[in-house]
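Listing of run13.pdb; format and content: PDB, C-alpha atoms.
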```
MODEL        1
ATOM      1  CA  MET E   7       4.538  16.484 -31.590  1.00  0.00           C
ATOM      2  CA  PRO E   8       2.705  14.745 -28.725  1.00  0.00           C
ATOM      3  CA  GLN E   9       4.698  13.478 -25.757  1.00  0.00           C
ATOM      4  CA  TYR E  10       4.082   9.785 -25.153  1.00  0.00           C
ATOM      5  CA  LEU E  11       6.457   9.312 -22.243  1.00  0.00           C
ATOM      6  CA  THR E  12       5.604  10.263 -18.684  1.00  0.00           C
ATOM      7  CA  ASP E  13       7.798  12.661 -16.745  1.00  0.00           C
ATOM      8  CA  ASP E  14       9.233   9.687 -14.789  1.00  0.00           C
ATOM      9  CA  GLN E  15      10.071   7.851 -18.008  1.00  0.00           C
ATOM     10  CA  ILE E  16      11.795  10.915 -19.438  1.00  0.00           C
ATOM     11  CA  GLN E  17      13.756  11.330 -16.205  1.00  0.00           C
ATOM     12  CA  ILE E  18      14.930   7.678 -16.323  1.00  0.00           C
ATOM     13  CA  ARG E  19      15.859   7.960 -19.989  1.00  0.00           C
ATOM     14  CA  ASP E  20      17.807  11.167 -19.445  1.00  0.00           C
ATOM     15  CA  LEU E  21      19.600   9.896 -16.316  1.00  0.00           C
ATOM     16  CA  VAL E  22      20.768   6.743 -18.059  1.00  0.00           C
ATOM     17  CA  ARG E  23      21.629   8.600 -21.274  1.00  0.00           C
ATOM     18  CA  GLU E  24      23.812  11.075 -19.382  1.00  0.00           C
ATOM     19  CA  PHE E  25      25.649   8.318 -17.505  1.00  0.00           C
ATOM     20  CA  ALA E  26      26.072   6.174 -20.614  1.00  0.00           C
ATOM     21  CA  GLN E  27      27.472   8.969 -22.744  1.00  0.00           C
ATOM     22  CA  ALA E  28      29.754  10.359 -20.027  1.00  0.00           C
ATOM     23  CA  GLU E  29      30.950   7.166 -18.336  1.00  0.00           C
ATOM     24  CA  ILE E  30      30.497   4.229 -20.726  1.00  0.00           C
ATOM     25  CA  ARG E  31      30.973   5.472 -24.267  1.00  0.00           C
ATOM     26  CA  PRO E  32      34.483   6.937 -23.749  1.00  0.00           C
ATOM     27  CA  ILE E  33      35.864   3.630 -22.393  1.00  0.00           C
ATOM     28  CA  ALA E  34      33.668   1.003 -24.061  1.00  0.00           C
ATOM     29  CA  ALA E  35      36.161   0.034 -26.768  1.00  0.00           C
ATOM     30  CA  GLU E  36      38.862  -0.471 -24.159  1.00  0.00           C
ATOM     31  CA  TYR E  37      37.000  -3.437 -22.657  1.00  0.00           C
ATOM     32  CA  ASP E  38      36.782  -5.099 -26.070  1.00  0.00           C
ATOM     33  CA  GLU E  39      40.358  -4.318 -27.054  1.00  0.00           C
ATOM     34  CA  LYS E  40      41.747  -5.713 -23.801  1.00  0.00           C
ATOM     35  CA  ASN E  41      39.203  -8.562 -23.669  1.00  0.00           C
ATOM     36  CA  GLN E  42      38.248  -7.471 -20.148  1.00  0.00           C
ATOM     37  CA  SER E  43      35.064  -7.983 -18.211  1.00  0.00           C
ATOM     38  CA  PRO E  44      33.214  -4.717 -17.519  1.00  0.00           C
ATOM     39  CA  MET E  45      32.129  -5.831 -14.040  1.00  0.00           C
ATOM     40  CA  ASP E  46      33.868  -2.914 -12.335  1.00  0.00           C
ATOM     41  CA  LEU E  47      31.717  -0.560 -14.397  1.00  0.00           C
ATOM     42  CA  VAL E  48      28.608  -2.703 -13.870  1.00  0.00           C
ATOM     43  CA  LYS E  49      29.132  -2.463 -10.097  1.00  0.00           C
ATOM     44  CA  ARG E  50      29.383   1.333 -10.380  1.00  0.00           C
ATOM     45  CA  MET E  51      26.194   1.400 -12.436  1.00  0.00           C
ATOM     46  CA  ARG E  52      24.345  -0.612  -9.785  1.00  0.00           C
ATOM     47  CA  LYS E  53      25.310   1.894  -7.093  1.00  0.00           C
ATOM     48  CA  GLU E  54      25.363   5.226  -8.941  1.00  0.00           C
ATOM     49  CA  LEU E  55      22.347   4.904 -11.221  1.00  0.00           C
ATOM     50  CA  GLY E  56      20.065   3.273  -8.667  1.00  0.00           C
ATOM     51  CA  ILE E  57      18.064   1.535 -11.392  1.00  0.00           C
ATOM     52  CA  ASN E  58      18.318  -2.056 -10.160  1.00  0.00           C
ATOM     53  CA  GLY E  59      14.931  -1.662  -8.534  1.00  0.00           C
ATOM     54  CA  MET E  60      13.076  -0.596 -11.659  1.00  0.00           C
ATOM     55  CA  PRO E  61      10.950  -3.760 -12.040  1.00  0.00           C
ATOM     56  CA  ILE E  62      10.727  -4.544  -8.310  1.00  0.00           C
ATOM     57  CA  GLU E  63       7.476  -3.717  -6.535  1.00  0.00           C
ATOM     58  CA  GLU E  64       7.497  -0.602  -4.377  1.00  0.00           C
ATOM     59  CA  LYS E  65       6.544  -2.603  -1.273  1.00  0.00           C
ATOM     60  CA  TYR E  66       9.985  -4.277  -1.534  1.00  0.00           C
ATOM     61  CA  GLY E  67      11.813  -0.976  -2.043  1.00  0.00           C
ATOM     62  CA  GLY E  68      11.748  -0.987  -5.831  1.00  0.00           C
ATOM     63  CA  MET E  69      10.309   1.491  -8.284  1.00  0.00           C
ATOM     64  CA  GLY E  70       7.506  -0.719  -9.576  1.00  0.00           C
ATOM     65  CA  TYR E  71       8.219   0.143 -13.214  1.00  0.00           C
ATOM     66  CA  GLY E  72       7.410  -2.046 -16.172  1.00  0.00           C
ATOM     67  CA  THR E  73       8.823  -3.172 -19.467  1.00  0.00           C
ATOM     68  CA  LEU E  74       8.810   0.257 -21.112  1.00  0.00           C
ATOM     69  CA  GLU E  75      11.017   1.833 -18.458  1.00  0.00           C
ATOM     70  CA  VAL E  76      13.471  -1.084 -18.632  1.00  0.00           C
ATOM     71  CA  ALA E  77      13.444  -0.790 -22.445  1.00  0.00           C
ATOM     72  CA  LEU E  78      14.217   2.941 -22.248  1.00  0.00           C
ATOM     73  CA  MET E  79      17.154   2.199 -19.943  1.00  0.00           C
ATOM     74  CA  THR E  80      18.391  -0.589 -22.213  1.00  0.00           C
ATOM     75  CA  GLU E  81      18.130   1.598 -25.300  1.00  0.00           C
ATOM     76  CA  GLU E  82      20.222   4.357 -23.744  1.00  0.00           C
ATOM     77  CA  LEU E  83      22.883   1.974 -22.446  1.00  0.00           C
ATOM     78  CA  SER E  84      23.017   0.229 -25.837  1.00  0.00           C
ATOM     79  CA  ARG E  85      23.751   3.511 -27.574  1.00  0.00           C
ATOM     80  CA  ALA E  86      27.004   3.635 -25.598  1.00  0.00           C
ATOM     81  CA  CYS E  87      28.018  -0.060 -25.602  1.00  0.00           C
ATOM     82  CA  LEU E  88      25.985  -3.166 -26.296  1.00  0.00           C
ATOM     83  CA  GLY E  89      28.416  -5.472 -24.483  1.00  0.00           C
ATOM     84  CA  ILE E  90      28.209  -3.518 -21.244  1.00  0.00           C
ATOM     85  CA  THR E  91      24.436  -3.321 -21.667  1.00  0.00           C
ATOM     86  CA  LEU E  92      24.267  -7.110 -21.856  1.00  0.00           C
ATOM     87  CA  ALA E  93      26.556  -7.486 -18.837  1.00  0.00           C
ATOM     88  CA  TYR E  94      24.244  -5.228 -16.844  1.00  0.00           C
ATOM     89  CA  GLY E  95      21.004  -6.468 -18.397  1.00  0.00           C
ATOM     90  CA  VAL E  96      21.296  -9.948 -16.918  1.00  0.00           C
ATOM     91  CA  THR E  97      20.429  -8.265 -13.626  1.00  0.00           C
ATOM     92  CA  PHE E  98      16.839  -8.071 -14.791  1.00  0.00           C
ATOM     93  CA  LEU E  99      16.831 -11.680 -15.994  1.00  0.00           C
ATOM     94  CA  GLY E 100      17.957 -12.673 -12.502  1.00  0.00           C
ATOM     95  CA  ILE E 101      15.332 -10.541 -10.785  1.00  0.00           C
ATOM     96  CA  LEU E 102      12.423 -12.028 -12.736  1.00  0.00           C
ATOM     97  CA  PRO E 103      12.527 -15.541 -11.185  1.00  0.00           C
ATOM     98  CA  ILE E 104      12.598 -13.959  -7.729  1.00  0.00           C
ATOM     99  CA  MET E 105       9.618 -11.765  -8.620  1.00  0.00           C
ATOM    100  CA  LYS E 106       7.661 -14.717  -9.999  1.00  0.00           C
ATOM    101  CA  GLY E 107       8.608 -17.582  -7.708  1.00  0.00           C
ATOM    102  CA  ALA E 108      10.035 -16.402  -4.402  1.00  0.00           C
ATOM    103  CA  THR E 109       8.138 -16.341  -1.155  1.00  0.00           C
ATOM    104  CA  ASP E 110       7.391 -13.013   0.476  1.00  0.00           C
ATOM    105  CA  ASP E 111      10.188 -13.636   3.003  1.00  0.00           C
ATOM    106  CA  GLN E 112      12.676 -14.388   0.216  1.00  0.00           C
ATOM    107  CA  LYS E 113      11.676 -11.229  -1.627  1.00  0.00           C
ATOM    108  CA  LYS E 114      12.135  -9.173   1.543  1.00  0.00           C
ATOM    109  CA  LYS E 115      15.560 -10.749   2.101  1.00  0.00           C
ATOM    110  CA  TRP E 116      16.943 -10.221  -1.404  1.00  0.00           C
ATOM    111  CA  PHE E 117      15.219  -7.235  -2.950  1.00  0.00           C
ATOM    112  CA  GLY E 118      16.623  -4.691  -0.471  1.00  0.00           C
ATOM    113  CA  PRO E 119      20.286  -5.469  -1.247  1.00  0.00           C
ATOM    114  CA  ILE E 120      19.482  -5.738  -4.967  1.00  0.00           C
ATOM    115  CA  VAL E 121      17.754  -2.342  -5.036  1.00  0.00           C
ATOM    116  CA  ASP E 122      20.626  -0.775  -3.065  1.00  0.00           C
ATOM    117  CA  GLY E 123      23.111  -2.136  -5.598  1.00  0.00           C
ATOM    118  CA  ASP E 124      24.956  -4.140  -2.946  1.00  0.00           C
ATOM    119  CA  VAL E 125      24.163  -7.483  -4.571  1.00  0.00           C
ATOM    120  CA  GLY E 126      24.620  -8.440  -8.188  1.00  0.00           C
ATOM    121  CA  VAL E 127      22.061 -10.727  -9.766  1.00  0.00           C
ATOM    122  CA  SER E 128      22.489 -12.902 -12.807  1.00  0.00           C
ATOM    123  CA  PHE E 129      20.811 -15.674 -14.743  1.00  0.00           C
ATOM    124  CA  CYS E 130      22.196 -18.793 -16.337  1.00  0.00           C
ATOM    125  CA  LEU E 131      20.496 -21.475 -18.353  1.00  0.00           C
ATOM    126  CA  SER E 132      22.543 -24.286 -19.779  1.00  0.00           C
ATOM    127  CA  GLU E 133      22.770 -28.040 -19.827  1.00  0.00           C
ATOM    128  CA  PRO E 134      25.282 -30.404 -21.426  1.00  0.00           C
ATOM    129  CA  GLY E 135      23.929 -31.508 -24.793  1.00  0.00           C
ATOM    130  CA  ALA E 136      21.225 -28.835 -24.816  1.00  0.00           C
ATOM    131  CA  GLY E 137      23.071 -25.564 -24.213  1.00  0.00           C
ATOM    132  CA  SER E 138      20.381 -22.920 -23.885  1.00  0.00           C
ATOM    133  CA  ASP E 139      17.791 -24.983 -25.749  1.00  0.00           C
ATOM    134  CA  VAL E 140      15.047 -24.984 -23.111  1.00  0.00           C
ATOM    135  CA  PRO E 141      12.810 -27.563 -24.862  1.00  0.00           C
ATOM    136  CA  GLY E 142      15.844 -29.854 -25.259  1.00  0.00           C
ATOM    137  CA  MET E 143      16.672 -29.950 -21.569  1.00  0.00           C
ATOM    138  CA  SER E 144      16.344 -33.242 -19.740  1.00  0.00           C
ATOM    139  CA  THR E 145      17.331 -32.417 -16.158  1.00  0.00           C
ATOM    140  CA  THR E 146      14.578 -32.993 -13.636  1.00  0.00           C
ATOM    141  CA  ALA E 147      14.177 -32.336  -9.929  1.00  0.00           C
ATOM    142  CA  VAL E 148      12.490 -35.083  -7.929  1.00  0.00           C
ATOM    143  CA  LYS E 149      11.374 -34.405  -4.372  1.00  0.00           C
ATOM    144  CA  LYS E 150      12.677 -36.980  -1.882  1.00  0.00           C
ATOM    145  CA  GLY E 151      11.607 -36.137   1.626  1.00  0.00           C
ATOM    146  CA  ASP E 152      12.391 -32.486   2.253  1.00  0.00           C
ATOM    147  CA  LYS E 153      15.044 -32.274  -0.508  1.00  0.00           C
ATOM    148  CA  TYR E 154      15.153 -32.266  -4.275  1.00  0.00           C
ATOM    149  CA  ILE E 155      17.396 -34.642  -6.190  1.00  0.00           C
ATOM    150  CA  LEU E 156      18.621 -33.458  -9.605  1.00  0.00           C
TER     151      LEU E 156
ENDMDL
END
```
Take the structure in the file and give it back as structure tokens.
Amino acid sequence: MPQYLTDDQIQIRDLVREFAQAEIRPIAAEYDEKNQSPMDLVKRMRKELGINGMPIEEKYGGMGYGTLEVALMTEELSRACLGITLAYGVTFLGILPIMKGATDDQKKKWFGPIVDGDVGVSFCLSEPGAGSDVPGMSTTAVKKGDKYIL
């Protein structure tokens, strides 16, 4: 059978699989049963796995990987616990706006601590009356002088 993954992709998959099966799977149900947030485990994952930098360009200290590598990581984490995967996965939703809209100086400031696992990143999208319905949102930002008024 042909191998479609690169050596790097296999290494990422195997690293995350090993961590997920050894560290997440045995305790995953406990978080649900006790209705606890898995943030202690998410913090460990940020530091021990070193995968926060997967989608971040190498010039900012990241790995410069794409969607496939993130999907491989997500698949392996999901095999152990979908809830913990979602708690960790928002990291990548929070990184994307920085990648797409931040200045070079902002990227230099934030990507280092993100890659090192020292800073957690998240993403939130909600508005009263619209929830997460992006087309239904009505909030605007109007520039007044050097500030924006919401």
*Could you tell me which of E:Thr145, E:Thr97, E:Thr109, E:Ser138 comes closest to Val48 in chain E if we count only C-alpha atoms?*
E:Thr97
_Under the PyMOL selection byres ((chain E and resi 101) around 10), which residues of this model are included? Write them out as a PyMOL selection string._
chain E and resi 58-59+61-62+96-100+102-106+113+116-117+120+126-129
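For the residues E:Gly123, E:Pro141, E:Gly95, E:Gly89, ranking by smallest atom-to-atom distance to Asp38 in chain E using only C-alpha atoms places E:Gly89 first.
Counting all atoms listed in the file, the residue from E:Glu36, E:Asp139, E:Glu64, E:Glu24 that sits nearest to Arg85 in chain E is E:Glu24.
Distance check against Ala86 in chain E using only C-alpha atoms: of E:Ala35, E:Ala26, E:Met45, E:Ile16, the minimum falls on E:Ala26.
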_To one decimal place in Å, what is the distance between CA of Ala147 in chain E and CA of Glu133 in chain E?_
13.8 Å
_Can you pull out the residues contacting Arg31 in chain E? Cut-off 10 Å, using all atoms listed in the file, and skip same-chain residues under 6 positions away; I want them as a PyMOL selection string._
chain E and resi 25+83-87+90
*Rounded to one decimal in Å, what is the spacing between CA of Leu88 in chain E and CA of Arg23 in chain E?*
13.5 Å
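The smallest atom-to-atom distance between Glu54 in chain E and any of E:Asn41, E:Gly67, E:Ala93, E:Asp124, using all atoms listed in the file, is found for E:Asp124.
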*Could you give me, as a PyMOL selection string, the residues within 12 Å of Leu11 in chain E, counting all atoms listed in the file and dropping anything in the same chain fewer than 5 positions from it?*
chain E and resi 16-20+74-75+78
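Pairwise distance (CA of Tyr37 in chain E, CA of Arg50 in chain E) equals 15.2 Å.
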*Could you pull the residues within 12 Å of Leu156 in chain E, counting all atoms listed in the file, minus those fewer than 4 positions along the same chain, as JSON, numbers by chain?*
{"E": [144, 145, 146, 147, 148, 149, 150]}
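Proximity to Asp110 in chain E was assessed for E:Asp46, E:Glu63, E:Glu29, E:Asp14 counting only C-alpha atoms; the smallest distance is recorded for E:Glu63.
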Missing atoms in range 56-90 of chain E need filling: write out N, CA and C atoms for it as an mmCIF file, in the coordinates of the input.
```cif
data_model
loop_
_atom_site.group_PDB
_atom_site.id
_atom_site.type_symbol
_atom_site.label_atom_id
_atom_site.label_comp_id
_atom_site.auth_asym_id
_atom_site.auth_seq_id
_atom_site.Cartn_x
_atom_site.Cartn_y
_atom_site.Cartn_z
ATOM 1 N N GLY E 56 21.213 3.623 -9.498
ATOM 2 C CA GLY E 56 20.065 3.273 -8.667
ATOM 3 C C GLY E 56 18.883 2.723 -9.445
ATOM 4 N N ILE E 57 19.158 2.024 -10.544
ATOM 5 C CA ILE E 57 18.064 1.535 -11.392
ATOM 6 C C ILE E 57 17.828 0.038 -11.260
ATOM 7 N N ASN E 58 18.552 -0.623 -10.356
ATOM 8 C CA ASN E 58 18.318 -2.056 -10.160
ATOM 9 C C ASN E 58 16.881 -2.347 -9.758
ATOM 10 N N GLY E 59 16.275 -1.431 -9.048
ATOM 11 C CA GLY E 59 14.931 -1.662 -8.534
ATOM 12 C C GLY E 59 13.809 -1.320 -9.482
ATOM 13 N N MET E 60 14.130 -1.013 -10.727
ATOM 14 C CA MET E 60 13.076 -0.596 -11.659
ATOM 15 C C MET E 60 11.891 -1.563 -11.710
ATOM 16 N N PRO E 61 12.109 -2.874 -11.913
ATOM 17 C CA PRO E 61 10.950 -3.760 -12.040
ATOM 18 C C PRO E 61 10.425 -4.309 -10.710
ATOM 19 N N ILE E 62 11.104 -4.001 -9.620
ATOM 20 C CA ILE E 62 10.727 -4.544 -8.310
ATOM 21 C C ILE E 62 9.611 -3.703 -7.707
ATOM 22 N N GLU E 63 8.628 -4.405 -7.133
ATOM 23 C CA GLU E 63 7.476 -3.717 -6.535
ATOM 24 C C GLU E 63 7.926 -2.724 -5.462
ATOM 25 N N GLU E 64 7.177 -1.641 -5.357
ATOM 26 C CA GLU E 64 7.497 -0.602 -4.377
ATOM 27 C C GLU E 64 7.481 -1.132 -2.950
ATOM 28 N N LYS E 65 6.619 -2.088 -2.646
ATOM 29 C CA LYS E 65 6.544 -2.603 -1.273
ATOM 30 C C LYS E 65 7.825 -3.330 -0.856
ATOM 31 N N TYR E 66 8.688 -3.664 -1.834
ATOM 32 C CA TYR E 66 9.985 -4.277 -1.534
ATOM 33 C C TYR E 66 11.126 -3.287 -1.741
ATOM 34 N N GLY E 67 10.800 -2.006 -1.889
ATOM 35 C CA GLY E 67 11.813 -0.976 -2.043
ATOM 36 C C GLY E 67 12.153 -0.616 -3.476
ATOM 37 N N GLY E 68 11.486 -1.262 -4.423
ATOM 38 C CA GLY E 68 11.748 -0.987 -5.831
ATOM 39 C C GLY E 68 10.945 0.189 -6.342
ATOM 40 N N MET E 69 11.014 0.384 -7.640
ATOM 41 C CA MET E 69 10.309 1.491 -8.284
ATOM 42 C C MET E 69 8.967 1.069 -8.860
ATOM 43 N N GLY E 70 8.775 -0.230 -9.045
ATOM 44 C CA GLY E 70 7.506 -0.719 -9.576
ATOM 45 C C GLY E 70 7.282 -0.400 -11.042
ATOM 46 N N TYR E 71 8.354 -0.181 -11.798
ATOM 47 C CA TYR E 71 8.219 0.143 -13.214
ATOM 48 C C TYR E 71 8.064 -1.123 -14.046
ATOM 49 N N GLY E 72 7.664 -0.927 -15.279
ATOM 50 C CA GLY E 72 7.410 -2.046 -16.172
ATOM 51 C C GLY E 72 8.408 -2.151 -17.310
ATOM 52 N N THR E 73 7.976 -2.863 -18.321
ATOM 53 C CA THR E 73 8.823 -3.172 -19.467
ATOM 54 C C THR E 73 9.283 -1.928 -20.214
ATOM 55 N N LEU E 74 8.435 -0.937 -20.358
ATOM 56 C CA LEU E 74 8.810 0.257 -21.112
ATOM 57 C C LEU E 74 9.977 0.991 -20.458
ATOM 58 N N GLU E 75 9.936 1.138 -19.157
ATOM 59 C CA GLU E 75 11.017 1.833 -18.458
ATOM 60 C C GLU E 75 12.337 1.061 -18.589
ATOM 61 N N VAL E 76 12.265 -0.265 -18.458
ATOM 62 C CA VAL E 76 13.471 -1.084 -18.632
ATOM 63 C C VAL E 76 13.975 -0.976 -20.071
ATOM 64 N N ALA E 77 13.057 -0.931 -21.034
ATOM 65 C CA ALA E 77 13.444 -0.790 -22.445
ATOM 66 C C ALA E 77 14.110 0.563 -22.701
ATOM 67 N N LEU E 78 13.597 1.618 -22.095
ATOM 68 C CA LEU E 78 14.217 2.941 -22.248
ATOM 69 C C LEU E 78 15.644 2.938 -21.706
ATOM 70 N N MET E 79 15.828 2.311 -20.540
ATOM 71 C CA MET E 79 17.154 2.199 -19.943
ATOM 72 C C MET E 79 18.074 1.404 -20.859
ATOM 73 N N THR E 80 17.591 0.276 -21.350
ATOM 74 C CA THR E 80 18.391 -0.589 -22.213
ATOM 75 C C THR E 80 18.782 0.123 -23.502
ATOM 76 N N GLU E 81 17.849 0.860 -24.071
ATOM 77 C CA GLU E 81 18.130 1.598 -25.300
ATOM 78 C C GLU E 81 19.259 2.611 -25.093
ATOM 79 N N GLU E 82 19.202 3.341 -23.994
ATOM 80 C CA GLU E 82 20.222 4.357 -23.744
ATOM 81 C C GLU E 82 21.587 3.737 -23.456
ATOM 82 N N LEU E 83 21.612 2.650 -22.700
ATOM 83 C CA LEU E 83 22.883 1.974 -22.446
ATOM 84 C C LEU E 83 23.453 1.401 -23.739
ATOM 85 N N SER E 84 22.583 0.846 -24.575
ATOM 86 C CA SER E 84 23.017 0.229 -25.837
ATOM 87 C C SER E 84 23.626 1.244 -26.792
ATOM 88 N N ARG E 85 23.172 2.463 -26.718
ATOM 89 C CA ARG E 85 23.751 3.511 -27.574
ATOM 90 C C ARG E 85 25.226 3.726 -27.255
ATOM 91 N N ALA E 86 25.614 3.445 -26.011
ATOM 92 C CA ALA E 86 27.004 3.635 -25.598
ATOM 93 C C ALA E 86 27.837 2.371 -25.798
ATOM 94 N N CYS E 87 27.276 1.198 -25.445
ATOM 95 C CA CYS E 87 28.018 -0.060 -25.602
ATOM 96 C C CYS E 87 27.078 -1.234 -25.379
ATOM 97 N N LEU E 88 26.888 -2.025 -26.404
ATOM 98 C CA LEU E 88 25.985 -3.166 -26.296
ATOM 99 C C LEU E 88 26.525 -4.230 -25.343
ATOM 100 N N GLY E 89 27.831 -4.460 -25.360
ATOM 101 C CA GLY E 89 28.416 -5.472 -24.483
ATOM 102 C C GLY E 89 28.193 -5.160 -23.012
ATOM 103 N N ILE E 90 28.418 -3.921 -22.634
ATOM 104 C CA ILE E 90 28.209 -3.518 -21.244
ATOM 105 C C ILE E 90 26.723 -3.565 -20.909
#
```
